[in-house]
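Asker: Next comes input_5.cif, mmCIF, C-alpha atoms:
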data_final
loop_
_atom_site.group_PDB
_atom_site.id
_atom_site.type_symbol
_atom_site.label_atom_id
_atom_site.label_comp_id
_atom_site.auth_asym_id
_atom_site.auth_seq_id
_atom_site.Cartn_x
_atom_site.Cartn_y
_atom_site.Cartn_z
ATOM 1 C CA GLU D 1 10.311 -22.746 -38.640
ATOM 2 C CA PHE D 2 10.560 -21.435 -35.069
ATOM 3 C CA ILE D 3 9.143 -17.986 -34.440
ATOM 4 C CA ASN D 4 10.539 -16.266 -31.368
ATOM 5 C CA TYR D 5 7.975 -14.157 -29.507
ATOM 6 C CA ARG D 6 10.212 -13.277 -26.585
ATOM 7 C CA GLY D 7 10.705 -9.665 -27.730
ATOM 8 C CA LEU D 8 6.965 -9.238 -28.149
ATOM 9 C CA ALA D 9 6.300 -10.706 -24.707
ATOM 10 C CA THR D 10 8.887 -8.386 -23.157
ATOM 11 C CA ALA D 11 7.347 -5.381 -24.890
ATOM 12 C CA SER D 12 3.889 -6.420 -23.697
ATOM 13 C CA GLN D 13 5.086 -6.830 -20.108
ATOM 14 C CA THR D 14 6.829 -3.433 -20.254
ATOM 15 C CA TYR D 15 3.639 -1.869 -21.609
ATOM 16 C CA ILE D 16 1.531 -3.398 -18.820
ATOM 17 C CA THR D 17 4.009 -2.274 -16.159
ATOM 18 C CA THR D 18 4.074 1.252 -17.590
ATOM 19 C CA LEU D 19 0.273 1.393 -17.607
ATOM 20 C CA ALA D 20 0.161 0.235 -13.995
ATOM 21 C CA PHE D 21 2.665 2.925 -13.004
ATOM 22 C CA ILE D 22 0.676 5.595 -14.850
ATOM 23 C CA ALA D 23 -2.533 4.429 -13.161
ATOM 24 C CA PHE D 24 -0.787 4.679 -9.796
ATOM 25 C CA LEU D 25 0.422 8.219 -10.523
ATOM 26 C CA SER D 26 -3.036 9.205 -11.751
ATOM 27 C CA SER D 27 -4.564 7.920 -8.534
ATOM 28 C CA VAL D 28 -2.085 9.930 -6.476
ATOM 29 C CA LYS D 29 -2.836 13.040 -8.533
ATOM 30 C CA PHE D 30 -6.570 12.452 -8.112
ATOM 31 C CA ILE D 31 -6.124 12.239 -4.344
ATOM 32 C CA GLN D 32 -4.337 15.595 -4.435
ATOM 33 C CA ILE D 33 -7.284 17.092 -6.319
ATOM 34 C CA LEU D 34 -9.641 15.828 -3.614
ATOM 35 C CA ARG D 35 -7.728 17.633 -0.866
ATOM 36 C CA PHE D 36 -10.840 19.662 -0.011
ATOM 37 C CA ASN D 37 -12.636 16.493 1.042
ATOM 38 C CA ARG D 38 -12.373 15.950 4.797
ATOM 39 C CA ARG D 39 -11.875 12.184 4.583
ATOM 40 C CA ILE D 40 -9.191 12.399 1.915
ATOM 41 C CA SER D 41 -7.509 15.123 3.926
ATOM 42 C CA VAL D 42 -7.434 12.857 6.997
ATOM 43 C CA LEU D 43 -6.109 9.976 4.869
ATOM 44 C CA ASN D 44 -3.340 12.168 3.463
ATOM 45 C CA ALA D 45 -2.375 13.486 6.899
ATOM 46 C CA THR D 46 -2.431 9.950 8.311
ATOM 47 C CA LEU D 47 -0.089 8.674 5.615
ATOM 48 C CA GLN D 48 2.225 11.657 6.107
ATOM 49 C CA THR D 49 2.281 11.058 9.859
ATOM 50 C CA ALA D 50 2.922 7.335 9.401
ATOM 51 C CA SER D 51 5.459 7.672 6.575
ATOM 52 C CA HIS D 52 8.541 7.510 8.796
ATOM 53 C CA TYR D 53 7.301 4.440 10.653
ATOM 54 C CA LEU D 54 6.027 2.790 7.470
ATOM 55 C CA THR D 55 9.399 3.212 5.781
ATOM 56 C CA GLY D 56 11.107 1.326 8.595
ATOM 57 C CA PHE D 57 8.324 -1.244 8.626
ATOM 58 C CA PHE D 58 8.586 -1.929 4.887
ATOM 59 C CA VAL D 59 12.363 -2.318 5.120
ATOM 60 C CA MET D 60 11.897 -4.852 7.924
ATOM 61 C CA PHE D 61 9.107 -6.585 5.992
ATOM 62 C CA LEU D 62 11.251 -6.801 2.854
ATOM 63 C CA VAL D 63 14.221 -8.231 4.768
ATOM 64 C CA LEU D 64 12.053 -10.908 6.382
ATOM 65 C CA LEU D 65 10.321 -11.725 3.101
ATOM 66 C CA VAL D 66 13.644 -12.054 1.265
ATOM 67 C CA ALA D 67 14.924 -14.326 4.047
ATOM 68 C CA PHE D 68 11.856 -16.561 3.749
ATOM 69 C CA VAL D 69 12.118 -16.556 -0.060
ATOM 70 C CA GLN D 70 15.771 -17.599 0.042
ATOM 71 C CA PHE D 71 15.090 -20.337 2.580
ATOM 72 C CA ALA D 72 12.187 -21.748 0.539
ATOM 73 C CA TYR D 73 14.192 -21.526 -2.671
ATOM 74 C CA VAL D 74 17.119 -23.443 -1.194
ATOM 75 C CA VAL D 75 15.072 -26.070 0.652
ATOM 76 C CA PHE D 76 12.080 -26.631 -1.632
ATOM 77 C CA GLY D 77 13.417 -25.356 -4.974
ATOM 78 C CA PRO D 78 15.111 -28.540 -6.184
ATOM 79 C CA THR D 79 11.939 -30.630 -5.876
ATOM 80 C CA LEU D 80 8.893 -28.355 -6.145
ATOM 81 C CA SER D 81 8.088 -26.413 -9.302
ATOM 82 C CA GLN D 82 6.506 -23.524 -7.347
ATOM 83 C CA PHE D 83 9.928 -22.817 -5.806
ATOM 84 C CA ARG D 84 12.072 -23.421 -8.927
ATOM 85 C CA CYS D 85 13.349 -19.819 -9.143
ATOM 86 C CA ILE D 86 13.465 -16.768 -6.876
ATOM 87 C CA VAL D 87 10.618 -15.005 -8.694
ATOM 88 C CA SER D 88 8.252 -17.980 -8.562
ATOM 89 C CA THR D 89 9.208 -18.549 -4.917
ATOM 90 C CA PHE D 90 8.326 -14.930 -4.152
ATOM 91 C CA ASP D 91 5.027 -15.348 -6.032
ATOM 92 C CA THR D 92 4.263 -18.522 -4.096
ATOM 93 C CA LEU D 93 4.923 -16.807 -0.761
ATOM 94 C CA VAL D 94 2.688 -13.880 -1.717
ATOM 95 C CA SER D 95 0.011 -16.474 -2.521
ATOM 96 C CA LEU D 96 0.608 -17.961 0.923
ATOM 97 C CA ILE D 97 0.081 -14.524 2.495
ATOM 98 C CA LEU D 98 -3.186 -14.154 0.574
ATOM 99 C CA GLY D 99 -4.325 -17.652 1.504
ATOM 100 C CA ARG D 100 -4.250 -19.087 -2.036
ATOM 101 C CA PHE D 101 -1.644 -21.763 -1.405
ATOM 102 C CA ASP D 102 -1.776 -25.553 -1.377
ATOM 103 C CA TYR D 103 -0.516 -26.503 2.076
ATOM 104 C CA ASN D 104 -0.444 -30.222 1.196
ATOM 105 C CA LEU D 105 2.296 -29.477 -1.326
ATOM 106 C CA LEU D 106 4.780 -28.510 1.403
ATOM 107 C CA ASP D 107 3.521 -31.191 3.752
ATOM 108 C CA GLY D 108 4.015 -33.871 1.096
ATOM 109 C CA GLU D 109 7.529 -32.651 0.287
ATOM 110 C CA ASN D 110 8.931 -32.634 3.815
ATOM 111 C CA THR D 111 6.677 -33.721 6.675
ATOM 112 C CA ILE D 112 8.659 -31.828 9.316
ATOM 113 C CA LEU D 113 10.215 -28.834 7.572
ATOM 114 C CA GLY D 114 7.232 -28.049 5.291
ATOM 115 C CA PRO D 115 4.614 -27.523 8.004
ATOM 116 C CA THR D 116 7.152 -25.819 10.298
ATOM 117 C CA TYR D 117 8.133 -23.393 7.542
ATOM 118 C CA CYS D 118 4.509 -22.709 6.632
ATOM 119 C CA MET D 119 3.545 -22.134 10.279
ATOM 120 C CA CYS D 120 6.524 -19.830 10.976
ATOM 121 C CA PHE D 121 5.899 -17.834 7.820
ATOM 122 C CA SER D 122 2.188 -17.508 8.554
ATOM 123 C CA ILE D 123 2.737 -16.474 12.160
ATOM 124 C CA ILE D 124 5.518 -13.988 11.469
ATOM 125 C CA VAL D 125 4.166 -12.405 8.303
ATOM 126 C CA THR D 126 0.415 -12.687 8.629
ATOM 127 C CA PHE D 127 -0.104 -12.216 12.319
ATOM 128 C CA ILE D 128 2.829 -10.147 13.531
ATOM 129 C CA LEU D 129 3.810 -7.986 10.542
ATOM 130 C CA VAL D 130 0.313 -7.297 9.233
ATOM 131 C CA ASN D 131 -0.850 -6.399 12.732
ATOM 132 C CA MET D 132 2.157 -4.088 13.132
ATOM 133 C CA PHE D 133 1.190 -2.376 9.872
ATOM 134 C CA ILE D 134 -2.398 -1.941 11.045
ATOM 135 C CA CYS D 135 -1.218 -0.592 14.417
ATOM 136 C CA ILE D 136 1.024 1.981 12.710
ATOM 137 C CA ILE D 137 -1.887 3.197 10.575
ATOM 138 C CA ILE D 138 -4.361 3.276 13.481
ATOM 139 C CA GLU D 139 -1.943 5.132 15.766
ATOM 140 C CA SER D 140 -1.186 7.670 13.048
ATOM 141 C CA GLN D 141 -4.874 8.191 12.395
ATOM 142 C CA ALA D 142 -5.529 8.721 16.107
ATOM 143 C CA THR D 143 -2.703 11.281 16.203
ATOM 144 C CA VAL D 144 -4.165 13.129 13.212
ATOM 145 C CA ARG D 145 -7.663 13.096 14.703
ATOM 146 C CA ARG D 146 -6.336 14.507 18.001
ATOM 147 C CA GLN D 147 -4.490 17.255 16.130
ATOM 148 C CA ARG D 148 -7.539 18.161 14.035
ATOM 149 C CA ALA D 149 -10.129 17.950 16.816
ATOM 150 C CA ASN D 150 -9.832 21.624 17.712
ATOM 151 C CA LEU D 151 -9.313 22.953 14.196
ATOM 152 C CA ARG D 152 -12.093 24.602 12.253
ATOM 153 C CA ASN D 153 -13.178 22.623 9.192
ATOM 154 C CA LYS D 154 -11.506 24.412 6.309
ATOM 155 C CA TYR D 155 -11.934 21.541 3.894
ATOM 156 C CA ASP D 156 -15.617 21.898 3.133
ATOM 157 C CA ILE D 157 -15.561 22.949 -0.503
ATOM 158 C CA ILE D 158 -19.098 24.326 -0.494
ATOM 159 C CA ASP D 159 -18.398 26.728 2.386
ATOM 160 C CA PHE D 160 -15.155 27.737 0.719
ATOM 161 C CA MET D 161 -16.856 28.448 -2.592
ATOM 162 C CA ILE D 162 -19.691 30.395 -0.933
ATOM 163 C CA GLU D 163 -17.218 32.565 0.958
ATOM 164 C CA GLN D 164 -15.228 33.217 -2.214
ATOM 165 C CA PHE D 165 -18.422 34.109 -4.084
ATOM 166 C CA LYS D 166 -19.455 36.518 -1.294
ATOM 167 C CA ILE D 167 -16.051 38.174 -1.460
ATOM 168 C CA TRP D 168 -16.282 38.383 -5.237
ATOM 169 C CA ILE D 169 -19.659 40.136 -5.163
ATOM 170 C CA GLY D 170 -18.536 42.353 -2.271
ATOM 171 C CA VAL D 171 -20.804 41.010 0.475
ATOM 172 C CA GLY D 172 -18.323 38.900 2.452
ATOM 173 C CA ASP D 173 -15.324 39.843 4.569
ATOM 174 C CA GLU D 174 -12.097 39.434 2.587
ATOM 175 C CA SER D 175 -10.010 38.566 5.671
ATOM 176 C CA SER D 176 -12.243 35.556 6.496
ATOM 177 C CA GLY D 177 -11.839 34.295 2.921
ATOM 178 C CA ARG D 178 -8.075 34.439 3.251
ATOM 179 C CA ARG D 179 -8.228 32.535 6.540
ATOM 180 C CA GLN D 180 -10.327 29.842 4.914
ATOM 181 C CA ALA D 181 -8.099 29.516 1.874
ATOM 182 C CA THR D 182 -4.953 28.970 3.951
#
Show me this structure written as structure tokens.
Answerer:
Amino acid sequence: EFINYRGLATASQTYITTLAFIAFLSSVKFIQILRFNRRISVLNATLQTASHYLTGFFVMFLVLLVAFVQFAYVVFGPTLSQFRCIVSTFDTLVSLILGRFDYNLLDGENTILGPTYCMCFSIIVTFILVNMFICIIIESQATVRRQRANLRNKYDIIDFMIEQFKIWIGVGDESSGRRQAT
């Protein structure tokens, strides 16, 4: 008798995806808790500064990736099992980005189109798009560092706590504590 485990597999995949999403949200919440740390503060400001540019970049990246996925699916899908459906084609291209791909597979399938496709994908995605991403992050970090160069360090938690303690026992100046807290 055939026992169908498809429902169980779907439930397991949903559970794993939910756990991954919760772990992501927990990490974001943890970063918010660490806002008094100088480095985390710079990271947060860098991501906020770069968010507009990164949104446009990820849209462009997604469009190019979908175009490469569709091309590989149409050209290599009928003959290669790694390109048999859109999802496996996407997975194969992500493996190509990470360098875990068998180049000889494409070369053996089509001696002209396989290497040309692999070279174009590698050049456009790996060299151009990844370098654009790095440039956006570096430029945003430089902007944040220039903006914060003249600011007093208000993110040192120890100084903050000492000032608050001094105010609490009546030794410190209350106006300096308010300036630090804001």
Asker: Between D:Phe127, D:Gln32, D:Ala50, D:Arg6, which is the closest to Val144 in chain D once you count only C-alpha atoms?
Answerer: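 Ranked by minimum distance to Val144 in chain D, first place goes to D:Ala50.
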Asker: Evaluate the PyMOL selection byres ((chain D and resi 104-121) around 9) against this structure - the residues, as a PyMOL selection string, please.
Answerer: chain D and resi 65+68+72+75-76+79-80+93+96-97+101-103+122-126
Asker: Grab the CA of Cys85 in chain D to CA of Tyr73 in chain D distance for me, in Å with one decimal place.
Answerer: 6.7 Å
Asker: Quick one: distance from CA of Ile134 in chain D to CA of Asn44 in chain D in Å, one decimal?
Answerer: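 These two atoms are separated by 16.0 Å.
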Asker: What does the structure give for the distance between CA of Pro78 in chain D and CA of Val63 in chain D, in Å to one decimal?
Answerer: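 About the pair CA of Pro78 in chain D and CA of Val63 in chain D: they are 23.1 Å apart.
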Asker: Hey, which of D:Thr89, D:Ser51, D:Thr143, D:Thr10 ends up closest to Phe71 in chain D? Count all atoms listed in the file.
Answerer: D:Thr89
Asker: Which is closest to Val42 in chain D among D:Ile162, D:Ile169, D:Ala142, D:Ala20, if we use only C-alpha atoms?
Answerer: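 Closest residue, counting only C-alpha atoms: D:Ala142.
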